[in-house]
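Participant: Would you mind keeping the following structure in view while I ask a few things?
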Amino acid sequence: MAAFESQVESTISRWHGIEPPNDPARRLAAELADTIAAFEALRGTLAFEDEPSSFEAALQAAKEPA
Amino acid sequence: MAALVDGYLADLSLTEAADAVAARKVSSLELLKACWANLDKVNAPVNAVIWEEREAAEAAARAADKAVGAGGRLGKLHGVPMAHKDMYYQAGRLATCGSALRKDYRPSVTATVISRMDEAGAYVFAGLNMAEFAQNPTGHNKTYGDCHNPWNLPYITGGSSSGSGASVAARFNYMALGSDTGGSIRLPASACGVTGLKPTQTRVSRYGVMPLSFSHDNVGPLARTARDCARVLTVIAGHDPLDPTSSHEPVPDYERFLDGDLRGTRIGVPTNVFLDGADAPVVAAMEAALKVLEARGATVTRLTLPLMDAVAAYGGIVSRAEAAPIHAEWMRKDPQAYGAHISGRMYPGYALPAAYYIEALSRRGPILRAFAKAVFDTVDVLVTPTIKTCLPTLQETDIDHGPPGTEHKFMAVSANARPFNYLGLPAISVPCGLDPNGCPIGLQIAGRPFGEGRVLKVADAYQRDTAYHAARPPMLDKAGAVA
């Protein structure tokens, strides 16, 4: 097992007491590397003047005009 | 109302059925029996139903007819029998949530949306099949059996509101509630050839509805037409003290928006993401639909949507992170009670760092503001395919028994739906054609927050000039079903 997958499984086991229930679980846990890569790709690319702000306020601000 | 004139009760839309009851042209009991007749003829291969309560439904139908006879004021849905995704709590009634883990679960509370529809005169006759805990886009179910597409049985119904889409398509249900966390109303609407509306986040109360992801969960209707969806939304939308996250935004009568006039309506068609890898028949159906909308007076603009990488990255973890704690105890004690594709997809959620989840949530508002300014200053609605490929079969998307990699075909089904959950925007799917396998193709129309009126208006205008929403799956005629 690759180091990353092993680390993910041991983290989940240690923090939650949950073991991989099947092969799809192991495969999809390995794909967390893609999640990390997606977050890495965003670093430094986003800047908002109003950050942080509530989602509910944004719904109101962007809503359909009456 | 040609269907009624011909005596074709099961072909009536929800609004036609409700209006016919109010006008004393048909009884509620006749509607219910028309549903049962088709259910008995075609449900066995479709497998859209988990439980039925016929005696209680018949009593409700007779009470509804008695109320009509008494001449009192009737609700907007008076006398219409309905069945919903089996995750809407009704005190004392079964709510399996599509799972073996809740096969005997009878909640002690009733969902606000069910109470509001009861007050409008509707009643429930069955609980519908669904993905386990609303967690797949296909309709697979390990415990209650896979739901099959009435248009072509080996093909997926879409999910997770699989029985909702299939029962309306198979003409034994006038309308079903679904839930939409990553497309679960729009996908079965698209796959089954019916109309399904995901409202703006916070538009409809979620009290008494099985939770999956409290940031992305939405309640909405699957029915025959946009007008049906408009009527249901008018009944169920609005603030609910039992769900503090529900919006105080006033609720209009959404049917008032349906005037067929698209002059001045600006339609945007994304050139990025939504058509990447799309199949030619799906693109052709969308382009044909755009021509119909242009003929009604709309203008079409092609545009690149901003921030889609962020929407995908952030949206992709919110639901997984929020589902994880809900299921942690069962995942520890009885993980084999889940289908492998359910527990397998939930499992990585337990490794997501809290900082990622908070980043995704804290940027949701700013991203929505920036997206809305960039897009909705230019166009009024976005139009895309609901599912960008021709429908896959149940076998092709069977993670539990398929080879490694099956999960990618499985997840591709919801690719065009998920962005609007993170953005919280209203979106509807309307039928717009058939693929080479005879399975329906859906057109997705999305709008601004609380812009359901405009979204429904565009959908209704399209349905005024097309007949895809009225088409019947061929199996109905082969089975001698009630027309």
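Residue names in the structure tokens use chain letters A, B, ... in the order shown, residue numbers from 1 in each chain, and ligand numbers from 1 in the order shown.
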Set the cut-off to 8 Å and count only C-alpha atoms: what are the residues of chain B that reach chain A? Output as a count of residues only.
Facilitator: 35
Participant: Can you tell me, as JSON, numbers by chain, which residues in range 244-454 of chain B count as alpha helix (DSSP H) by DSSP?
Facilitator: {"B": [280, 281, 282, 283, 284, 285, 286, 287, 288, 289, 290, 291, 292, 293, 294, 295, 308, 309, 310, 311, 312, 313, 314, 315, 316, 317, 318, 319, 320, 321, 322, 323, 324, 325, 326, 327, 328, 329, 330, 331, 332, 333, 340, 341, 342, 343, 344, 345, 346, 354, 355, 356, 357, 358, 359, 360, 361, 362, 364, 365, 366, 367, 368, 369, 370, 371, 372, 373, 374, 375, 376, 406, 407, 408, 409, 410, 411, 412, 419, 420, 421, 422, 423, 452, 453, 454]}
Participant: Keeping C-alpha atoms, export the residues of the selection given above as a PDB file, in the first residue's frame.
Facilitator:
```
ATOM      1  CA  ALA B 280     -23.401  14.758 -29.413  1.00  0.00           C
ATOM      2  CA  PRO B 281     -27.098  13.786 -29.040  1.00  0.00           C
ATOM      3  CA  VAL B 282     -27.248  15.688 -25.762  1.00  0.00           C
ATOM      4  CA  VAL B 283     -25.653  18.804 -27.241  1.00  0.00           C
ATOM      5  CA  ALA B 284     -27.967  18.616 -30.254  1.00  0.00           C
ATOM      6  CA  ALA B 285     -31.012  18.404 -27.993  1.00  0.00           C
ATOM      7  CA  MET B 286     -29.842  21.454 -26.032  1.00  0.00           C
ATOM      8  CA  GLU B 287     -29.199  23.470 -29.204  1.00  0.00           C
ATOM      9  CA  ALA B 288     -32.656  22.574 -30.529  1.00  0.00           C
ATOM     10  CA  ALA B 289     -34.166  23.688 -27.235  1.00  0.00           C
ATOM     11  CA  LEU B 290     -32.334  27.009 -27.455  1.00  0.00           C
ATOM     12  CA  LYS B 291     -33.942  27.620 -30.845  1.00  0.00           C
ATOM     13  CA  VAL B 292     -37.369  27.055 -29.304  1.00  0.00           C
ATOM     14  CA  LEU B 293     -36.581  29.591 -26.592  1.00  0.00           C
ATOM     15  CA  GLU B 294     -35.234  32.093 -29.147  1.00  0.00           C
ATOM     16  CA  ALA B 295     -38.449  31.745 -31.126  1.00  0.00           C
ATOM     17  CA  MET B 308     -15.630  26.997 -11.660  1.00  0.00           C
ATOM     18  CA  ASP B 309     -12.420  25.398 -10.356  1.00  0.00           C
ATOM     19  CA  ALA B 310     -13.152  26.827  -6.919  1.00  0.00           C
ATOM     20  CA  VAL B 311     -16.796  25.760  -7.088  1.00  0.00           C
ATOM     21  CA  ALA B 312     -15.726  22.206  -7.944  1.00  0.00           C
ATOM     22  CA  ALA B 313     -12.999  21.979  -5.307  1.00  0.00           C
ATOM     23  CA  TYR B 314     -15.016  23.519  -2.481  1.00  0.00           C
ATOM     24  CA  GLY B 315     -18.366  22.035  -3.441  1.00  0.00           C
ATOM     25  CA  GLY B 316     -16.758  18.621  -3.630  1.00  0.00           C
ATOM     26  CA  ILE B 317     -15.900  18.461   0.027  1.00  0.00           C
ATOM     27  CA  VAL B 318     -18.821  20.173   1.765  1.00  0.00           C
ATOM     28  CA  SER B 319     -21.304  17.342   1.308  1.00  0.00           C
ATOM     29  CA  ARG B 320     -18.755  14.660   2.162  1.00  0.00           C
ATOM     30  CA  ALA B 321     -17.620  16.442   5.303  1.00  0.00           C
ATOM     31  CA  GLU B 322     -21.184  17.036   6.483  1.00  0.00           C
ATOM     32  CA  ALA B 323     -22.389  13.478   5.761  1.00  0.00           C
ATOM     33  CA  ALA B 324     -19.501  11.904   7.662  1.00  0.00           C
ATOM     34  CA  PRO B 325     -20.564  12.677  11.246  1.00  0.00           C
ATOM     35  CA  ILE B 326     -24.215  11.816  10.522  1.00  0.00           C
ATOM     36  CA  HIS B 327     -23.168   8.279   9.597  1.00  0.00           C
ATOM     37  CA  ALA B 328     -20.148   7.784  11.870  1.00  0.00           C
ATOM     38  CA  GLU B 329     -21.825   5.499  14.380  1.00  0.00           C
ATOM     39  CA  TRP B 330     -23.236   3.194  11.700  1.00  0.00           C
ATOM     40  CA  MET B 331     -19.932   3.277   9.806  1.00  0.00           C
ATOM     41  CA  ARG B 332     -18.187   2.080  12.968  1.00  0.00           C
ATOM     42  CA  LYS B 333     -20.682  -0.581  13.995  1.00  0.00           C
ATOM     43  CA  ALA B 340     -20.310  -0.621  -1.119  1.00  0.00           C
ATOM     44  CA  HIS B 341     -20.754   2.483  -3.257  1.00  0.00           C
ATOM     45  CA  ILE B 342     -22.357   4.315  -0.312  1.00  0.00           C
ATOM     46  CA  SER B 343     -19.906   3.407   2.458  1.00  0.00           C
ATOM     47  CA  GLY B 344     -17.011   3.570  -0.006  1.00  0.00           C
ATOM     48  CA  ARG B 345     -17.841   7.125  -1.018  1.00  0.00           C
ATOM     49  CA  MET B 346     -18.490   8.250   2.557  1.00  0.00           C
ATOM     50  CA  ALA B 354     -11.581  20.799   9.222  1.00  0.00           C
ATOM     51  CA  ALA B 355      -9.589  23.673   7.752  1.00  0.00           C
ATOM     52  CA  TYR B 356     -10.535  22.592   4.217  1.00  0.00           C
ATOM     53  CA  TYR B 357     -14.190  22.372   5.174  1.00  0.00           C
ATOM     54  CA  ILE B 358     -14.174  25.796   6.842  1.00  0.00           C
ATOM     55  CA  GLU B 359     -12.362  27.298   3.853  1.00  0.00           C
ATOM     56  CA  ALA B 360     -15.020  25.866   1.539  1.00  0.00           C
ATOM     57  CA  LEU B 361     -17.854  27.247   3.642  1.00  0.00           C
ATOM     58  CA  SER B 362     -16.330  30.649   4.366  1.00  0.00           C
ATOM     59  CA  ARG B 364     -19.161  30.188  -0.428  1.00  0.00           C
ATOM     60  CA  GLY B 365     -20.683  33.642   0.077  1.00  0.00           C
ATOM     61  CA  PRO B 366     -17.923  35.631  -1.625  1.00  0.00           C
ATOM     62  CA  ILE B 367     -17.838  33.166  -4.511  1.00  0.00           C
ATOM     63  CA  LEU B 368     -21.599  33.434  -4.988  1.00  0.00           C
ATOM     64  CA  ARG B 369     -21.407  37.237  -5.011  1.00  0.00           C
ATOM     65  CA  ALA B 370     -18.575  37.269  -7.542  1.00  0.00           C
ATOM     66  CA  PHE B 371     -20.208  34.599  -9.711  1.00  0.00           C
ATOM     67  CA  ALA B 372     -23.563  36.374  -9.695  1.00  0.00           C
ATOM     68  CA  LYS B 373     -22.040  39.738 -10.612  1.00  0.00           C
ATOM     69  CA  ALA B 374     -20.026  38.279 -13.469  1.00  0.00           C
ATOM     70  CA  VAL B 375     -22.845  36.137 -14.844  1.00  0.00           C
ATOM     71  CA  PHE B 376     -26.171  37.705 -13.973  1.00  0.00           C
ATOM     72  CA  THR B 406     -16.645   2.377 -12.374  1.00  0.00           C
ATOM     73  CA  GLU B 407     -16.922   5.173  -9.810  1.00  0.00           C
ATOM     74  CA  HIS B 408     -15.817   7.738 -12.397  1.00  0.00           C
ATOM     75  CA  LYS B 409     -18.665   6.877 -14.765  1.00  0.00           C
ATOM     76  CA  PHE B 410     -20.957   6.926 -11.744  1.00  0.00           C
ATOM     77  CA  MET B 411     -19.858  10.400 -10.642  1.00  0.00           C
ATOM     78  CA  ALA B 412     -19.947  11.823 -14.167  1.00  0.00           C
ATOM     79  CA  PRO B 419     -22.119  23.337  -9.105  1.00  0.00           C
ATOM     80  CA  PHE B 420     -25.556  24.810  -8.454  1.00  0.00           C
ATOM     81  CA  ASN B 421     -25.708  23.184  -5.021  1.00  0.00           C
ATOM     82  CA  TYR B 422     -22.541  24.901  -3.831  1.00  0.00           C
ATOM     83  CA  LEU B 423     -23.720  28.173  -5.391  1.00  0.00           C
ATOM     84  CA  GLU B 452     -37.531  30.529  -9.255  1.00  0.00           C
ATOM     85  CA  GLY B 453     -40.221  32.606 -10.953  1.00  0.00           C
ATOM     86  CA  ARG B 454     -37.992  33.361 -13.924  1.00  0.00           C
TER      87      ARG B 454
END
```
Participant: Rounded to one decimal, what separation in Å do you get between CA of Gly268 in chain B and CA of Gln444 in chain B?
Facilitator: 11.6 Å
Participant: Between B:Thr138, B:Ala63, B:Val379, B:Ser108, which one has atoms that come closest to Leu394 in chain B, using only C-alpha atoms?
Facilitator: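 The answer is B:Thr138, which sits nearest to Leu394 in chain B.
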